[in-house]
Amino acid sequence: MSFLCLVAILAIMAPAAPAIAQSLDVASYDIEVTLDPERHHLDGTETVTWRNTTEMAATEVWLHLYLNAFASSESTFLRELARDAPDRVRRLDGNWGWIRLTRLVLDDGTDLSPAFHFERPDDGNPEDYSLARVELPRPVLPGVAITLKIAFEAQLPRVIVRTGFDGDFYLVGQWFPKLAVFQGSSGWSCHQFHAASEFFADFGSYRVRMTVPRGWVVGATGEQVARRSVGRADQVEYRAAAVHDFAWTTAPADLMAVVETDFEPGRDVPTRWLEEAATDLERPAADLELAPVTIRLLLPHTQSELEPRMVRAIRLAMAWFGLRMGPYPYPQLTVVSPPPGAGAAGGMEYPTFITTGVRQRDAYPPWRWLASLEALTVHEFGHQYFQGLVASNESQAAWLDEGLTTWAENHCLDAMISDGLIPEVHVDSGWVEERLAVALQRPPLTIDRRSWEYRRLIDYYVASYAKAAIALRTLEGLLGEAQTARAVRAYVDAFRYHHPSGHDLQGAFEDATGENLDWFFDGAVRGSAEPDWAVLEVRHRRLDHATGMVWSGDGWVGRDDSGSGELRDERSTERWQVEIELGRLGDLSGPVEVELDWSDGRSERRRWDGHDRWVRWRLDSVSRLAQVRIDPDAVWALETRRADNYWRDQPAEDSPIWWLGQVLRFVGELSLPWS
Amino acid sequence: MRGRPSIVYGFVSALRLWRLVAAVWLVSVLVFVPVHLVIWGSAGDVLASLPEGGLPDGETALIVLELLRPIWTSLAAAMVSGWFALWAWTVLWHAGVVRWLLFAGRDEVRLAEILGHGVLGWWRWARLAVTAATALVVIDAALWLVLGAAAERALDGGREGLWLALTALVALLGVTVTAMVWVATIRSSWLLGVGDRRSVVLTWLAGLKSSVRQPLQSVVLLLAWALPGIAAMALPVLAGWQVEALRDGVVGALMEVVTGLVGAFCWVALFLSFAPATGLVGEKETTRA
């Protein structure tokens with residue numbers, strides 16, 4: 001990113017410019033690296049300038065050496081991965097990855113090698129070398145910067161979990177010695193590299209010169225500013241500002257094609273989306289203006305047929321997120337679709353650089369009818385906001401980026417499909433899949449917890465992606481779509497280029513609604529409480545068939561002998577007393593709508609505050625109650641036990657039971673002739 | 001064995017064995033009664049309570065999951081035992097029909113006698129059925145592993161034409177293999193009776209050989225009975241899907257019985273159509289293949 005772009009970013013964020021300017025320049029890197037494709041080896045030098053922006057002095061720095069997670073089967077990462085996905089570890093096939101520092105000095109030449117120690121704060125695993133601590137000869141005072149000069153060599157693994165090589169294709173991520181985040185009195189926020197965790201780093205500027213074989217295509221974070229021949233190789237220089245990571249890819253030109261295109265708001269933003277966003281956010285359309293962005297798509301030549309669909313998905317994602325979350329602030333986005341065999345490189349996000357994952361068959365029915373290509377592209381682009389710009393801690397609170405991104409992805413896809421913008425897609429089941437995934441997990445998962453502390457990898461994925469998304473969907477149902485849109489936008493605006501926590505997101509919702517939402521966040525996000533409503537019982541009592549005595553005003557008389565024509569007249573009209581008992585079986589309480597449909601065609605909605613464990617409503621009516629539906633609009637998306645939310649007076653004729661019976665009969669009879 | 005398979009013979013014989021047709025249908029219903037009981041017992045009330053006017057998007061899947069999850073082991077056990085019972089029963093009546101026609105085909109049709117023959121021959125015909133199933137799985141798996149994988153590679157390599165050709169070939173071969181194994185099994189069922197054969201594998205291969213020698217006739221016969229059989233089974237679903245009134249009540253039940261009987265007739269007739277025209281008791285000429 002050029003200096004002008006940085007100025008543009010600061011101009012956009014003018015009201016909070018001083019704080020942002022400081023957060024944009026915390027850890028900056030100047031790296032020179034050479035790829036040896038014969039050995040899949042990197043040789044590099046790195047100059048890191050770190051500024052202490054806290055109120056506390058720092059006596060040490062911590063470095064992530066992520067590639068060492070792939071050094072042996074005994075690393076913390078591979079141990080955790082092997083527990084749940086051993087096949088992914090086997091794919092390494094002896095092609096281990098590692099990184100080693102060959103020089104570590106301060107800019108005044110002080111050798112820091114003796115002060116370098118590997119640390120294992122999370123699990124004490126002596127065979128994990130993914131995190132290191134370097135004691136400094138003198139403290140770095142608040143506001144002061146230090147510069148480290150590092151030389152390193154790294155061996156890339158066979159592509160695994162977002163980094164490595166497959167044949168001549170390289171996706172180079174988590175590849176350089178990278179500083180952790182200093183948080184003042186809390187110390188350094190840093191963790192070993194875990195199978196279920198991603199990243200957390202400070203913003204800064206990057207200048208990276210990559211030397212690759214002559215003619216190979218290169219894509220990377222930021223923008224290319226130079227390409228020159230160096231002997232039999234090419235040196236490609238990229239620069240990026242206001243980012244917190246740097247990844248790159250390279251491959252021979254006969255393997256990967258480069259498509260240069262753009263996002264042009266005048267052409268690519270659907271008018272309807274602009275109007276809806278303006279209404280929901282209560283902002284004039286002029287405030288939602290977006291800037292053009294260069295799109296650089298790197299894809300295998302064999303996927304050329306899918307190129308228009310990829311480009312369309314990227315443009316629509318840019319439009320939707322831009323309108324709802326604010327403009328994408330960088331001038332370029334690089335999108336990489338890995339070739340077959342390098343699928344493990346797909347589905348990942350880095351600042352201004354994302355990888356998708358498609359198969360050639362996505363061009364043909366029935367795969368063509370699915371939204372998988374769009375879903376992945378939209379999801380990875382969504383990460384440009386959640387955690388690219390709003391840089392929450394992915395290790396400690398993965399739900400903040402994965403949950404928000406999944407929630408936004410589903411909304412974006414809903415809009416694309418309902419507005420006919422991806423007409424070939426006929427199946428979109430995002431919300432249903434998230435709810436089914438949550439329903440399958442028992443015991444209930446806690447959304448807000450450190451990512452490697454889940455019992456299984458699948459629990460991490462379900463809690464951080466699916467459950468967090470439907471928790472937000474639930475909140476949205478309770479607060480309203482527009483309120484939620486404004487809350488999320490306020491969160492993004494407030495924490496662009498910062499490191500927010502879950503409490504900050506809650507605060508944004510509370511500010512937007514004026515309500516205290518502890519009950520929801522404590523229960524559903526920081527706890528594992530789930531909602532579960534039930535119709536416990538419905539009783540009918542016929543009032544016009546009452547027997548016994550009746551008080552006539554001055555004494556008891558038999559009902560038939562009261563002499564009151566009025567009572568006799570009433571007996572000719574059907575009158576019912578209906579008792580409806582509703583229960584809250586789950587631990588999460590909150591208001592819920594209940595729909596009562598009467599047999600004479602009337603329908604009414606009532607609200608239960610849900611505080612008590614059960615409630616009884618006693619209603620008089622001239623007709624029987626036909627059916628009860630708790631939460632008829634499925635506002636409580638977090639509720640996955642829904643069967644007992646319903647009651648009806650007469651058994652359903654059109655119920656799934658008929659279909660079940662038919663399917664079983666058909667399957668049974670079909671097997672008849674086979675012996 | 002001499003003689004050609006005959007649709008007419010299958011039709012006439014199935015009519016003659018109408019009691020067997022009724023039994024085939026009845027057993028196919030009874031073996032899945034436990035499945036229905038498991039579902040109805042645990043989820044029937046809840047499913048009948050679902051509201052009129054449909055559920056919110058995606059909620060049907062959620063509710064089905066919620067209801068089936070606690071019973072999936074018993075449901076799976078009921079399904080597997082149902083399929084096993086149906087398989088065992090089909091082996092039994094196949095064996096019974098072959099042995100009865102060979103040994104007592106001229107006599108008055110007595111269902112108990114047919115089933116008695118089936119019980120006596122069950123083990124041999126069961127081994128034949130297992131052989132056929134093994135052959136089907138092995139051949140189909142080999143098809144998918146070799147050609148299916150080649151198709152995937154072609155697709156990943158961007159050779160869409162080759163991918164399309166291979167996919168079409170795999171699909172075509174898959175259907176053909178399934179049909180041929182089906183016909184071979186029926187033919188070998190008869191061979192197992194008319195010949196004094198000990199090896200079920202060799203008998204099945206002989207059945208396959210005769211099917212390959214008469215491929216057109218085999219396929220035509222198969223389609224002639226299998227298509228109406230499948231159509232009869234699918235009719236109640238399609239009719240109920242289109243006309244709600246046909247889902248329940250007397251009309252719906254009657255339709256299920258009639259279509260079930262038609263389906264069973266087709267399967268019995270299909271099997272009998274491959275009976276050797278000669279070699280049976282009561283035919284003009286008796287020969288051994």
# chains A, B, ... in the order shown; residues from 1 in each chain; ligands from 1
$ closest_atom_pairs --of "chain B" --to "chain A" --cutoff "6 Å" --atoms "only C-alpha atoms" --output "tab-separated table"
residue	atom	partner	partner_atom	distance
B:Ala48	CA	A:Pro651	CA	4.8
B:Ser49	CA	A:Trp647	CA	5.1
B:Leu50	CA	A:Tyr646	CA	5.8
B:Gly58	CA	A:Val432	CA	5.3
B:Ile63	CA	A:Ala643	CA	5.5
B:Trp87	CA	A:Ser675	CA	5.6
B:Thr90	CA	A:Ser675	CA	5.9
B:Val91	CA	A:Ser675	CA	5.7
B:Ala129	CA	A:Ser675	CA	5.3
B:Leu155	CA	A:Gln360	CA	5.8
B:Asp156	CA	A:Gln360	CA	5.9
B:Gly158	CA	A:Thr302	CA	4.3
B:Trp267	CA	A:Pro673	CA	5.8
$ write_last_selection --atoms "C-alpha atoms" --output "short mmCIF file (atom, residue, chain, number, x, y, z; two decimals), in the first residue's frame"
data_model
loop_
_atom_site.label_atom_id
_atom_site.label_comp_id
_atom_site.auth_asym_id
_atom_site.auth_seq_id
_atom_site.Cartn_x
_atom_site.Cartn_y
_atom_site.Cartn_z
CA ALA B 48 -48.71 -35.26 14.68
CA SER B 49 -48.52 -32.08 16.79
CA LEU B 50 -46.56 -30.08 14.25
CA GLY B 58 -35.04 -25.55 7.88
CA ILE B 63 -36.96 -31.69 14.36
CA TRP B 87 -33.44 -60.86 2.05
CA THR B 90 -36.69 -63.54 -0.84
CA VAL B 91 -34.07 -66.28 -0.86
CA ALA B 129 -27.26 -64.59 -3.14
CA LEU B 155 -11.63 -32.89 -14.04
CA ASP B 156 -8.86 -31.57 -11.83
CA GLY B 158 -9.13 -29.39 -16.75
CA TRP B 267 -41.14 -59.28 -8.76
#
$ residues_around --residues "stretch 161-163 of chain A" --least-positions-apart "4" --cutoff "7 Å" --atoms "only C-alpha atoms" --output "PyMOL selection string"
chain A and resi 171-173+344-346+348
$ atom_distance --atom1 "atom CA of A:Thr102" --atom2 "atom CA of A:Ala247"
21.6 Å
$ residues_around --residues "stretch 379-386 of chain A" --least-positions-apart "2" --cutoff "8 Å" --atoms "only C-alpha atoms" --output "number ranges by chain"
A: 314, 317-318, 321, 325, 328, 347-352, 354-356, 375-377, 388-392, 400-402, 404-406, 408-409, 492
$ write_last_selection --atoms "C-alpha atoms" --output "PDB file, in the first residue's frame"
ATOM      1  CA  ILE A 314     -15.812 -11.230  -4.901  1.00  0.00           C
ATOM      2  CA  ALA A 317     -19.003  -9.598  -1.298  1.00  0.00           C
ATOM      3  CA  MET A 318     -17.173  -6.289  -1.583  1.00  0.00           C
ATOM      4  CA  PHE A 321     -19.574  -5.794   3.259  1.00  0.00           C
ATOM      5  CA  MET A 325     -19.331  -2.710   7.461  1.00  0.00           C
ATOM      6  CA  TYR A 328     -12.716  -1.814   2.182  1.00  0.00           C
ATOM      7  CA  GLY A 347     -10.086 -21.222   2.684  1.00  0.00           C
ATOM      8  CA  MET A 348      -7.746 -18.839   4.459  1.00  0.00           C
ATOM      9  CA  GLU A 349      -7.535 -15.158   5.016  1.00  0.00           C
ATOM     10  CA  TYR A 350      -4.647 -12.749   5.354  1.00  0.00           C
ATOM     11  CA  PRO A 351      -4.822  -8.985   5.079  1.00  0.00           C
ATOM     12  CA  THR A 352      -5.707  -8.048   1.482  1.00  0.00           C
ATOM     13  CA  ILE A 354      -7.439 -14.579   0.637  1.00  0.00           C
ATOM     14  CA  THR A 355      -7.475 -18.138  -0.607  1.00  0.00           C
ATOM     15  CA  THR A 356     -10.644 -19.837  -1.748  1.00  0.00           C
ATOM     16  CA  ALA A 375     -19.971 -19.155   0.454  1.00  0.00           C
ATOM     17  CA  LEU A 376     -16.237 -19.719   0.778  1.00  0.00           C
ATOM     18  CA  THR A 377     -15.336 -16.602  -1.180  1.00  0.00           C
ATOM     19  CA  GLY A 388      -8.253  -8.082   9.094  1.00  0.00           C
ATOM     20  CA  LEU A 389      -9.462  -4.661  10.178  1.00  0.00           C
ATOM     21  CA  VAL A 390     -11.171  -5.403  13.484  1.00  0.00           C
ATOM     22  CA  ALA A 391      -8.212  -7.362  14.774  1.00  0.00           C
ATOM     23  CA  SER A 392      -9.605  -9.408  17.629  1.00  0.00           C
ATOM     24  CA  LEU A 400     -15.330 -12.820  17.362  1.00  0.00           C
ATOM     25  CA  ASP A 401     -13.964 -13.176  13.865  1.00  0.00           C
ATOM     26  CA  GLU A 402     -15.330 -16.565  12.789  1.00  0.00           C
ATOM     27  CA  LEU A 404     -19.264 -12.549  12.962  1.00  0.00           C
ATOM     28  CA  THR A 405     -17.919 -13.569   9.568  1.00  0.00           C
ATOM     29  CA  THR A 406     -20.187 -16.615   9.351  1.00  0.00           C
ATOM     30  CA  ALA A 408     -22.373 -11.887   7.786  1.00  0.00           C
ATOM     31  CA  GLU A 409     -21.594 -14.520   5.151  1.00  0.00           C
ATOM     32  CA  VAL A 492     -16.547  -2.062  13.142  1.00  0.00           C
TER      33      VAL A 492
END
$ select_by_dssp --residues "stretch 369-592 of chain A" --states "alpha helix (DSSP H)" --output "ChimeraX atom specification"
/A:372-382,398-418,430-440,457-461,468-479,481-495,502-513,518-520,565-571
$ residues_around --residues "B:Ala154" --least-positions-apart "6" --cutoff "10 Å" --atoms "only C-alpha atoms" --output "tab-separated table (two decimals) with N, CA and C atoms, in the first residue's frame"
chain	number	residue	atom	x	y	z
A	360	GLN	N	-13.06	-28.20	-10.07
A	360	GLN	CA	-13.50	-28.00	-11.44
A	360	GLN	C	-14.96	-28.40	-11.62
B	148	GLY	N	-13.89	-43.88	-11.82
B	148	GLY	CA	-14.32	-42.70	-11.07
B	148	GLY	C	-13.13	-41.83	-10.70
B	160	GLU	N	-12.30	-31.41	-19.40
B	160	GLU	CA	-13.71	-31.58	-19.12
B	160	GLU	C	-14.36	-32.63	-20.03
B	161	GLY	N	-13.90	-32.67	-21.30
B	161	GLY	CA	-14.47	-33.64	-22.23
B	161	GLY	C	-14.25	-35.06	-21.75
B	162	LEU	N	-13.03	-35.32	-21.32
B	162	LEU	CA	-12.70	-36.66	-20.82
B	162	LEU	C	-13.49	-36.95	-19.55
B	163	TRP	N	-13.62	-35.92	-18.70
B	163	TRP	CA	-14.37	-36.09	-17.45
B	163	TRP	C	-15.82	-36.48	-17.74
B	164	LEU	N	-16.42	-35.74	-18.69
B	164	LEU	CA	-17.81	-36.03	-19.03
B	164	LEU	C	-17.95	-37.44	-19.59
B	166	LEU	N	-15.95	-40.03	-19.13
B	166	LEU	CA	-15.70	-41.05	-18.10
B	166	LEU	C	-16.87	-41.14	-17.13
$ residues_around --residues "B:Trp225" --least-positions-apart "5" --cutoff "9 Å" --atoms "only C-alpha atoms" --output "PyMOL selection string"
chain B and resi 7+220+230+266-267+269-270
